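Text of data09.cif (mmCIF, C-alpha atoms) as supplied:
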```cif
data_data
loop_
_atom_site.group_PDB
_atom_site.id
_atom_site.type_symbol
_atom_site.label_atom_id
_atom_site.label_comp_id
_atom_site.auth_asym_id
_atom_site.auth_seq_id
_atom_site.Cartn_x
_atom_site.Cartn_y
_atom_site.Cartn_z
ATOM 1 C CA MET A 202 77.538 84.144 87.536
ATOM 2 C CA GLU A 203 74.896 86.902 87.778
ATOM 3 C CA ILE A 204 74.767 86.668 91.573
ATOM 4 C CA LEU A 205 78.534 87.288 91.692
ATOM 5 C CA SER A 206 78.815 89.936 89.001
ATOM 6 C CA ASN A 207 75.814 92.131 89.914
ATOM 7 C CA GLY A 208 75.392 93.115 86.273
ATOM 8 C CA LEU A 209 79.058 93.130 85.236
ATOM 9 C CA ASN A 210 79.916 91.210 82.081
ATOM 10 C CA ASN A 211 82.285 88.251 82.401
ATOM 11 C CA LEU A 212 85.298 90.129 81.064
ATOM 12 C CA ASP A 213 84.822 93.014 83.520
ATOM 13 C CA LEU A 214 84.368 90.554 86.373
ATOM 14 C CA ILE A 215 87.579 88.722 85.483
ATOM 15 C CA LEU A 216 89.421 92.058 85.186
ATOM 16 C CA ILE A 217 88.330 93.253 88.627
ATOM 17 C CA ILE A 218 89.227 89.893 90.194
ATOM 18 C CA PHE A 219 92.656 89.927 88.557
ATOM 19 C CA CYS A 220 93.330 93.528 89.621
ATOM 20 C CA CYS A 221 92.397 92.743 93.242
ATOM 21 C CA PHE A 222 94.777 89.778 93.171
ATOM 22 C CA LEU A 223 97.522 91.848 91.521
ATOM 23 C CA GLY A 224 96.920 94.895 93.726
ATOM 24 C CA SER A 225 97.192 92.827 96.889
ATOM 25 C CA ALA A 226 100.410 91.211 95.660
ATOM 26 C CA ILE A 227 101.842 94.643 94.807
ATOM 27 C CA THR A 228 100.925 96.162 98.169
ATOM 28 C CA THR A 229 102.364 93.223 100.108
ATOM 29 C CA SER A 230 105.607 93.055 98.138
ATOM 30 C CA VAL A 231 106.215 96.788 97.651
ATOM 31 C CA GLY A 232 104.253 98.264 100.560
ATOM 32 C CA MET A 233 101.949 100.540 98.564
ATOM 33 C CA GLY A 234 100.514 101.175 95.117
ATOM 34 C CA GLY A 235 98.245 98.162 94.730
ATOM 35 C CA GLY A 236 95.199 100.005 96.026
ATOM 36 C CA ILE A 237 95.615 102.591 93.269
ATOM 37 C CA VAL A 238 95.460 99.875 90.602
ATOM 38 C CA VAL A 239 92.350 98.374 92.252
ATOM 39 C CA ILE A 240 90.394 101.600 92.671
ATOM 40 C CA GLY A 241 91.438 102.831 89.231
ATOM 41 C CA THR A 242 90.047 99.650 87.671
ATOM 42 C CA MET A 243 86.877 99.787 89.779
ATOM 43 C CA ALA A 244 86.352 103.393 88.693
ATOM 44 C CA LEU A 245 86.252 102.252 85.076
ATOM 45 C CA LEU A 246 83.834 99.351 85.613
ATOM 46 C CA LEU A 247 81.596 99.979 88.655
ATOM 47 C CA PRO A 248 78.842 102.559 89.247
ATOM 48 C CA VAL A 249 80.462 105.702 90.626
ATOM 49 C CA ASN A 250 78.558 105.574 93.939
ATOM 50 C CA ALA A 251 79.823 102.021 94.548
ATOM 51 C CA ILE A 252 83.526 102.558 93.850
ATOM 52 C CA ILE A 253 84.805 103.804 97.207
ATOM 53 C CA PRO A 254 82.510 101.678 99.467
ATOM 54 C CA ILE A 255 83.333 98.432 97.630
ATOM 55 C CA HIS A 256 87.020 99.342 97.472
ATOM 56 C CA ALA A 257 87.006 100.123 101.209
ATOM 57 C CA LEU A 258 85.420 96.835 102.250
ATOM 58 C CA THR A 259 87.488 94.764 99.822
ATOM 59 C CA GLN A 260 90.771 96.393 100.857
ATOM 60 C CA CYS A 261 89.793 96.112 104.510
ATOM 61 C CA GLY A 262 89.285 92.354 104.146
ATOM 62 C CA ALA A 263 92.586 91.919 102.338
ATOM 63 C CA GLY A 264 94.360 94.358 104.650
ATOM 64 C CA ILE A 265 93.353 92.554 107.836
ATOM 65 C CA MET A 266 94.994 89.376 106.542
ATOM 66 C CA ARG A 267 98.077 91.403 105.607
ATOM 67 C CA ALA A 268 98.088 92.995 109.067
ATOM 68 C CA TYR A 269 97.929 89.552 110.680
ATOM 69 C CA ILE A 270 100.866 88.332 108.592
ATOM 70 C CA PHE A 271 102.909 91.373 109.682
ATOM 71 C CA ARG A 272 101.601 91.404 113.280
ATOM 72 C CA LYS A 273 105.149 91.255 114.682
ATOM 73 C CA THR A 274 106.589 93.960 112.429
ATOM 74 C CA PHE A 275 104.651 97.213 112.719
ATOM 75 C CA LEU A 276 104.933 100.432 114.744
ATOM 76 C CA LYS A 277 102.242 100.007 117.418
ATOM 77 C CA LYS A 278 102.406 103.521 118.864
ATOM 78 C CA PHE A 279 102.332 105.039 115.373
ATOM 79 C CA PHE A 280 99.278 102.905 114.507
ATOM 80 C CA PHE A 281 97.195 103.959 117.521
ATOM 81 C CA ILE A 282 97.950 107.674 117.153
ATOM 82 C CA PHE A 283 97.320 107.479 113.395
ATOM 83 C CA ILE A 284 93.887 105.876 113.904
ATOM 84 C CA LEU A 285 92.901 108.542 116.445
ATOM 85 C CA GLY A 286 93.727 111.206 113.870
ATOM 86 C CA THR A 287 91.817 109.234 111.229
ATOM 87 C CA MET A 288 88.635 109.437 113.305
ATOM 88 C CA LEU A 289 88.845 113.227 113.297
ATOM 89 C CA GLY A 290 89.413 113.149 109.544
ATOM 90 C CA TYR A 291 86.267 111.036 109.081
ATOM 91 C CA TYR A 292 84.223 113.574 111.029
ATOM 92 C CA LEU A 293 85.534 116.553 109.052
ATOM 93 C CA SER A 294 84.714 114.857 105.724
ATOM 94 C CA LEU A 295 81.039 114.065 106.339
ATOM 95 C CA ASP A 296 79.592 117.362 105.063
ATOM 96 C CA PHE A 297 81.544 117.066 101.814
ATOM 97 C CA ILE A 298 80.669 113.469 100.905
ATOM 98 C CA MET A 299 76.999 114.049 100.173
ATOM 99 C CA ALA A 300 77.672 117.003 97.849
ATOM 100 C CA LEU A 301 79.927 115.319 95.270
ATOM 101 C CA THR A 302 78.615 114.688 91.751
ATOM 102 C CA GLU A 303 79.693 111.720 89.605
ATOM 103 C CA SER A 304 81.924 113.838 87.347
ATOM 104 C CA THR A 305 83.504 115.604 90.349
ATOM 105 C CA LEU A 306 84.269 112.296 92.041
ATOM 106 C CA LYS A 307 85.856 110.890 88.862
ATOM 107 C CA LEU A 308 87.938 114.057 88.480
ATOM 108 C CA ILE A 309 89.111 113.832 92.114
ATOM 109 C CA LEU A 310 89.904 110.140 91.724
ATOM 110 C CA GLY A 311 91.802 110.690 88.468
ATOM 111 C CA ILE A 312 93.915 113.590 89.738
ATOM 112 C CA GLY A 313 94.343 111.960 93.139
ATOM 113 C CA ILE A 314 95.734 108.620 91.973
ATOM 114 C CA ILE A 315 98.225 110.373 89.662
ATOM 115 C CA ILE A 316 99.466 112.706 92.423
ATOM 116 C CA LEU A 317 99.702 109.903 94.991
ATOM 117 C CA ALA A 318 101.611 107.678 92.572
ATOM 118 C CA PHE A 319 104.270 110.339 91.934
ATOM 119 C CA LEU A 320 104.850 111.771 95.393
ATOM 120 C CA PRO A 321 108.488 112.892 95.714
ATOM 121 C CA LYS A 322 110.927 111.221 98.108
ATOM 122 C CA PHE A 323 112.142 113.116 101.169
ATOM 123 C CA THR A 324 113.840 112.429 104.515
ATOM 124 C CA ILE A 325 112.364 112.725 108.033
ATOM 125 C CA ASN A 326 114.545 112.425 111.110
ATOM 126 C CA SER A 327 111.713 112.040 113.647
ATOM 127 C CA LEU A 328 107.944 111.518 113.768
ATOM 128 C CA PRO A 329 106.414 113.553 116.636
ATOM 129 C CA ASN A 330 103.014 112.452 117.936
ATOM 130 C CA LYS A 331 101.392 115.635 116.621
ATOM 131 C CA PHE A 332 102.724 114.906 113.142
ATOM 132 C CA ILE A 333 101.382 111.325 113.236
ATOM 133 C CA PHE A 334 97.981 112.536 114.466
ATOM 134 C CA SER A 335 97.862 115.194 111.734
ATOM 135 C CA LEU A 336 98.814 112.597 109.126
ATOM 136 C CA GLY A 337 95.970 110.386 110.341
ATOM 137 C CA THR A 338 93.542 113.323 110.172
ATOM 138 C CA LEU A 339 94.613 114.313 106.658
ATOM 139 C CA THR A 340 94.430 110.776 105.263
ATOM 140 C CA GLY A 341 91.193 110.059 107.164
ATOM 141 C CA PHE A 342 89.638 113.077 105.443
ATOM 142 C CA LEU A 343 91.030 112.344 101.973
ATOM 143 C CA THR A 344 90.307 108.614 102.043
ATOM 144 C CA MET A 345 86.564 109.297 102.050
ATOM 145 C CA PHE A 346 86.939 110.730 98.530
ATOM 146 C CA LEU A 347 90.040 109.061 97.078
ATOM 147 C CA GLY A 348 90.161 105.755 98.905
ATOM 148 C CA ILE A 349 93.924 105.304 98.409
ATOM 149 C CA MET A 350 96.080 106.656 101.210
ATOM 150 C CA GLY A 351 98.818 104.003 101.101
ATOM 151 C CA PRO A 352 101.166 106.106 98.921
ATOM 152 C CA ILE A 353 101.010 109.080 101.320
ATOM 153 C CA LEU A 354 101.641 106.895 104.363
ATOM 154 C CA GLY A 355 104.250 104.866 102.499
ATOM 155 C CA THR A 356 106.128 107.990 101.408
ATOM 156 C CA VAL A 357 106.314 109.189 105.022
ATOM 157 C CA LEU A 358 107.415 105.811 106.395
ATOM 158 C CA ASN A 359 109.950 105.290 103.590
ATOM 159 C CA SER A 360 111.543 108.609 104.521
ATOM 160 C CA PHE A 361 111.910 107.527 108.155
ATOM 161 C CA LEU A 362 112.378 103.742 108.183
ATOM 162 C CA LYS A 363 114.807 101.398 106.405
ATOM 163 C CA ASP A 364 113.280 98.015 107.305
ATOM 164 C CA ARG A 365 110.917 97.020 104.448
ATOM 165 C CA HIS A 366 108.969 94.570 106.626
ATOM 166 C CA LEU A 367 108.361 97.279 109.228
ATOM 167 C CA ILE A 368 107.172 99.693 106.521
ATOM 168 C CA VAL A 369 104.836 97.164 104.885
ATOM 169 C CA GLY A 370 103.497 95.997 108.259
ATOM 170 C CA THR A 371 102.761 99.502 109.539
ATOM 171 C CA ILE A 372 101.017 100.459 106.285
ATOM 172 C CA ALA A 373 98.973 97.245 106.448
ATOM 173 C CA TRP A 374 97.729 97.938 109.978
ATOM 174 C CA CYS A 375 96.988 101.629 109.420
ATOM 175 C CA ILE A 376 95.280 101.349 106.035
ATOM 176 C CA SER A 377 93.252 98.195 106.774
ATOM 177 C CA PHE A 378 91.698 99.740 109.892
ATOM 178 C CA GLN A 379 91.231 103.061 108.117
ATOM 179 C CA ASN A 380 89.300 101.216 105.392
ATOM 180 C CA PHE A 381 87.293 99.346 108.025
ATOM 181 C CA GLY A 382 86.080 102.576 109.612
ATOM 182 C CA LYS A 383 85.346 104.112 106.216
ATOM 183 C CA ALA A 384 83.296 101.087 105.129
ATOM 184 C CA ILE A 385 81.160 101.376 108.268
ATOM 185 C CA ILE A 386 80.608 105.125 107.798
ATOM 186 C CA LEU A 387 79.653 104.791 104.115
ATOM 187 C CA GLY A 388 77.191 102.036 105.015
ATOM 188 C CA SER A 389 75.682 104.139 107.797
ATOM 189 C CA ILE A 390 75.049 107.107 105.478
ATOM 190 C CA GLY A 391 73.220 105.090 102.863
ATOM 191 C CA PHE A 392 75.321 102.711 100.770
ATOM 192 C CA ASP A 393 73.743 99.235 100.547
ATOM 193 C CA TYR A 394 76.439 96.543 100.511
ATOM 194 C CA PHE A 395 73.976 93.644 100.246
ATOM 195 C CA PRO A 396 73.589 93.582 96.413
ATOM 196 C CA TRP A 397 77.384 93.525 96.130
ATOM 197 C CA ILE A 398 78.208 91.155 98.969
ATOM 198 C CA TYR A 399 79.012 88.071 96.842
ATOM 199 C CA LEU A 400 81.296 90.090 94.586
ATOM 200 C CA ILE A 401 83.031 91.611 97.625
ATOM 201 C CA ILE A 402 83.604 88.167 99.172
ATOM 202 C CA LEU A 403 85.048 86.925 95.873
ATOM 203 C CA LEU A 404 87.364 89.946 95.612
ATOM 204 C CA ILE A 405 88.544 89.514 99.214
ATOM 205 C CA PHE A 406 89.315 85.838 98.541
ATOM 206 C CA PHE A 407 91.492 86.631 95.523
ATOM 207 C CA SER A 408 93.084 89.495 97.446
ATOM 208 C CA TYR A 409 94.091 86.940 100.086
ATOM 209 C CA LEU A 410 95.787 84.874 97.395
ATOM 210 C CA GLY A 411 97.600 87.982 96.190
ATOM 211 C CA THR A 412 98.744 88.710 99.738
ATOM 212 C CA PHE A 413 100.431 85.306 100.057
ATOM 213 C CA ILE A 414 102.123 85.669 96.675
ATOM 214 C CA GLY A 415 103.239 89.207 97.562
ATOM 215 C CA LYS A 416 104.743 88.010 100.841
ATOM 216 C CA LYS A 417 106.938 85.553 98.930
ATOM 217 C CA LEU A 418 108.013 88.315 96.543
ATOM 218 C CA LEU A 419 108.812 90.827 99.292
ATOM 219 C CA ASP A 420 112.508 89.971 99.460
ATOM 220 C CA LYS A 421 112.914 88.879 95.833
ATOM 221 C CA SER A 422 111.205 91.474 93.630
ATOM 222 C CA ASN A 423 113.009 93.953 91.378
ATOM 223 C CA ASN A 424 111.374 97.062 92.800
ATOM 224 C CA GLN A 425 112.789 99.557 90.289
ATOM 225 C CA LEU A 426 111.282 97.852 87.239
ATOM 226 C CA PHE A 427 108.147 97.057 89.194
ATOM 227 C CA GLN A 428 107.613 100.687 90.185
ATOM 228 C CA LYS A 429 108.133 101.918 86.601
ATOM 229 C CA ILE A 430 105.514 99.543 85.203
ATOM 230 C CA LEU A 431 103.142 100.384 88.043
ATOM 231 C CA LYS A 432 103.415 104.118 87.448
ATOM 232 C CA ILE A 433 102.693 103.731 83.722
ATOM 233 C CA VAL A 434 99.518 101.767 84.492
ATOM 234 C CA ILE A 435 98.454 104.301 87.129
ATOM 235 C CA LEU A 436 99.065 107.190 84.729
ATOM 236 C CA ILE A 437 96.835 105.597 82.081
ATOM 237 C CA LEU A 438 94.046 104.897 84.583
ATOM 238 C CA GLY A 439 94.223 108.381 86.075
ATOM 239 C CA PHE A 440 94.087 110.210 82.747
ATOM 240 C CA LYS A 441 91.174 108.043 81.589
ATOM 241 C CA LEU A 442 89.165 109.038 84.670
ATOM 242 C CA ILE A 443 89.994 112.720 84.156
ATOM 243 C CA LEU A 444 88.951 112.503 80.500
ATOM 244 C CA GLU A 445 85.649 110.849 81.444
ATOM 245 C CA ALA A 446 84.962 113.580 84.015
ATOM 246 C CA ILE A 447 85.637 116.335 81.454
ATOM 247 C CA ILE A 448 83.449 114.649 78.793
ATOM 248 C CA VAL A 449 80.536 114.326 81.274
ATOM 249 C CA ASN A 450 80.800 118.026 82.030
#
```

How does this structure look as structure tokens?
Amino acid sequence: MEILSNGLNNLDLILIIFCCFLGSAITTSVGMGGGIVVIGTMALLLPVNAIIPIHALTQCGAGIMRAYIFRKTFLKKFFFIFILGTMLGYYLSLDFIMALTESTLKLILGIGIIILAFLPKFTINSLPNKFIFSLGTLTGFLTMFLGIMGPILGTVLNSFLKDRHLIVGTIAWCISFQNFGKAIILGSIGFDYFPWIYLIILLIFFSYLGTFIGKKLLDKSNNQLFQKILKIVILILGFKLILEAIIVN
């Protein structure tokens, strides 16, 4: 068990595994929100410098499977322009990453997951290429600190599209590849994935299971009740992170 947990106690290990399973099911069935539950839980249990790298690689592994499942229902042009913008966002974020303290990162994570969970609904009649590129740049920059850009992308797509499968598929492709690039960058600037590799593989496996369950729930879930419960959980996690950041300071 030690080789899997990397110092986590059994209860914490079970909790992270369950949240990865649940988060993947939520993201697949609703389109967004699961990543917030996962990173919020990781922020409570993992060392602060490991939260975003492990979340990125885990969500990338789960997201690639989700992208494959929805390979016939995603906006291809949107995806390619979005990823180009993401690359610029990565570049702009590099000088900021190295300067963040543990308490600052927890404060950003806490405030960020609350804001992203409660983004207001709006309507968009068209998505120009410049807008898509700018969205990719903004989320590419923010993801290096928050790690959870699905709600921003989902809010935009929900305001423009009606087909749930198309929304979920486009989010899956954009966010999985965004996480892939982020995982590579964080590894190249110093994070060592090797001590965590068995845990990451385990989390990806259970995320796969959650993806299959979420796919079955996509057309059957009661989204209104689901979203209410999800937001309550996110609110609790976010405020706990903010409180921890304030106490450290």

How would you write, as JSON, numbers by chain, the residues chosen by the PyMOL selection byres ((chain A and resi 387) around 12) on this structure?
{"A": [250, 251, 252, 253, 254, 255, 256, 257, 258, 291, 294, 295, 298, 299, 344, 345, 346, 348, 380, 381, 382, 383, 384, 385, 386, 388, 389, 390, 391, 392, 393, 394]}

From the list A:Ala446, A:Leu404, A:Leu214, A:Leu339, the nearest residue to A:Met288 using only C-alpha atoms is A:Leu339

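Atom pair atom CA of A:Ile443 / atom CA of A:Gly311 has a distance of 5.1 Å (rounded to one decimal).
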
Tell me, as a PyMOL selection string, which residues lie within 9 Å of stretch 407-418 of chain A, counting all atoms listed in the file; anything in the same chain fewer than 2 positions away does not count. chain A and resi 218-231+259-260+262-264+266-267+270+402-405+420-422

Using all atoms listed in the file, the shortest atom-to-atom distance to A:Phe342 among A:Thr287, A:Thr302, A:Asn211, A:Thr274 belongs to A:Thr287

Open item on the list: Give me the residues near A:Thr338 as a list in words, where near means some atom within 9 Å (using all atoms listed in the file) and where sequence neighbours in that chain fewer than 5 positions away do not count.
Closed with: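 The residues that qualify are Phe283, Ile284, Leu285, Gly286, Thr287, Met288, Leu289, Gly290, Tyr291, Leu293, Ile333 and Leu343 of chain A.
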
Using only C-alpha atoms, the best pick from A:Cys261, A:Ala268, A:Val249, A:Val238 as closest to A:Ser304 would be A:Val249

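Pairwise distance (atom CA of A:Phe440, atom CA of A:Gly313) equals 10.5 Å.
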
Quiz item: How many Å lie between atom CA of A:Ile437 and atom CA of A:Gly241, rounded to one decimal?
Solution: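 Rounded to one decimal, the two atoms are 9.4 Å apart.
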
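Restricting the calculation to only C-alpha atoms, the smallest distance between A:Glu445 and any of A:Met243, A:Leu308, A:Ile282, A:Ile215 is found for A:Leu308.
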
Using all atoms listed in the file, the best pick from A:Pro396, A:Gly235, A:Pro248, A:Pro329 as closest to A:Gly355 would be A:Gly235

Margin query: Counting all atoms listed in the file, which residue out of A:Gly351, A:Lys278, A:Leu358, A:Thr340 sits closest to A:Ser327?
Written below: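 Checking each of A:Gly351, A:Lys278, A:Leu358, A:Thr340 against A:Ser327, counting all atoms listed in the file, the winner is A:Leu358.
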
query = Exactly which residues make up the result of the PyMOL selection byres ((chain A and resi 275-277) around 10) on this file, given as number ranges by chain?
reply = A: 268, 271-274, 278-283, 366-375

Could the residues in this selection be saved with C-alpha atoms as a PDB file, in the frame of the given file?
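The resulting out20.pdb:
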```pdb
ATOM      1  CA  ALA A 268      98.088  92.995 109.067  1.00  0.00           C
ATOM      2  CA  PHE A 271     102.909  91.373 109.682  1.00  0.00           C
ATOM      3  CA  ARG A 272     101.601  91.404 113.280  1.00  0.00           C
ATOM      4  CA  LYS A 273     105.149  91.255 114.682  1.00  0.00           C
ATOM      5  CA  THR A 274     106.589  93.960 112.429  1.00  0.00           C
ATOM      6  CA  LYS A 278     102.406 103.521 118.864  1.00  0.00           C
ATOM      7  CA  PHE A 279     102.332 105.039 115.373  1.00  0.00           C
ATOM      8  CA  PHE A 280      99.278 102.905 114.507  1.00  0.00           C
ATOM      9  CA  PHE A 281      97.195 103.959 117.521  1.00  0.00           C
ATOM     10  CA  ILE A 282      97.950 107.674 117.153  1.00  0.00           C
ATOM     11  CA  PHE A 283      97.320 107.479 113.395  1.00  0.00           C
ATOM     12  CA  HIS A 366     108.969  94.570 106.626  1.00  0.00           C
ATOM     13  CA  LEU A 367     108.361  97.279 109.228  1.00  0.00           C
ATOM     14  CA  ILE A 368     107.172  99.693 106.521  1.00  0.00           C
ATOM     15  CA  VAL A 369     104.836  97.164 104.885  1.00  0.00           C
ATOM     16  CA  GLY A 370     103.497  95.997 108.259  1.00  0.00           C
ATOM     17  CA  THR A 371     102.761  99.502 109.539  1.00  0.00           C
ATOM     18  CA  ILE A 372     101.017 100.459 106.285  1.00  0.00           C
ATOM     19  CA  ALA A 373      98.973  97.245 106.448  1.00  0.00           C
ATOM     20  CA  TRP A 374      97.729  97.938 109.978  1.00  0.00           C
ATOM     21  CA  CYS A 375      96.988 101.629 109.420  1.00  0.00           C
TER      22      CYS A 375
END
```

Hey, can you pull every residue with an atom no more than 10 Å from (85.8, 100.9, 83.4), using only C-alpha atoms, and send it as an mmCIF file with C-alpha atoms, in the frame of the given file?
```
data_model
loop_
_atom_site.group_PDB
_atom_site.id
_atom_site.type_symbol
_atom_site.label_atom_id
_atom_site.label_comp_id
_atom_site.auth_asym_id
_atom_site.auth_seq_id
_atom_site.Cartn_x
_atom_site.Cartn_y
_atom_site.Cartn_z
ATOM 1 C CA ASP A 213 84.822 93.014 83.520
ATOM 2 C CA LEU A 216 89.421 92.058 85.186
ATOM 3 C CA ILE A 217 88.330 93.253 88.627
ATOM 4 C CA GLY A 241 91.438 102.831 89.231
ATOM 5 C CA THR A 242 90.047 99.650 87.671
ATOM 6 C CA MET A 243 86.877 99.787 89.779
ATOM 7 C CA ALA A 244 86.352 103.393 88.693
ATOM 8 C CA LEU A 245 86.252 102.252 85.076
ATOM 9 C CA LEU A 246 83.834 99.351 85.613
ATOM 10 C CA LEU A 247 81.596 99.979 88.655
ATOM 11 C CA PRO A 248 78.842 102.559 89.247
ATOM 12 C CA LEU A 438 94.046 104.897 84.583
ATOM 13 C CA LYS A 441 91.174 108.043 81.589
ATOM 14 C CA LEU A 442 89.165 109.038 84.670
#
```
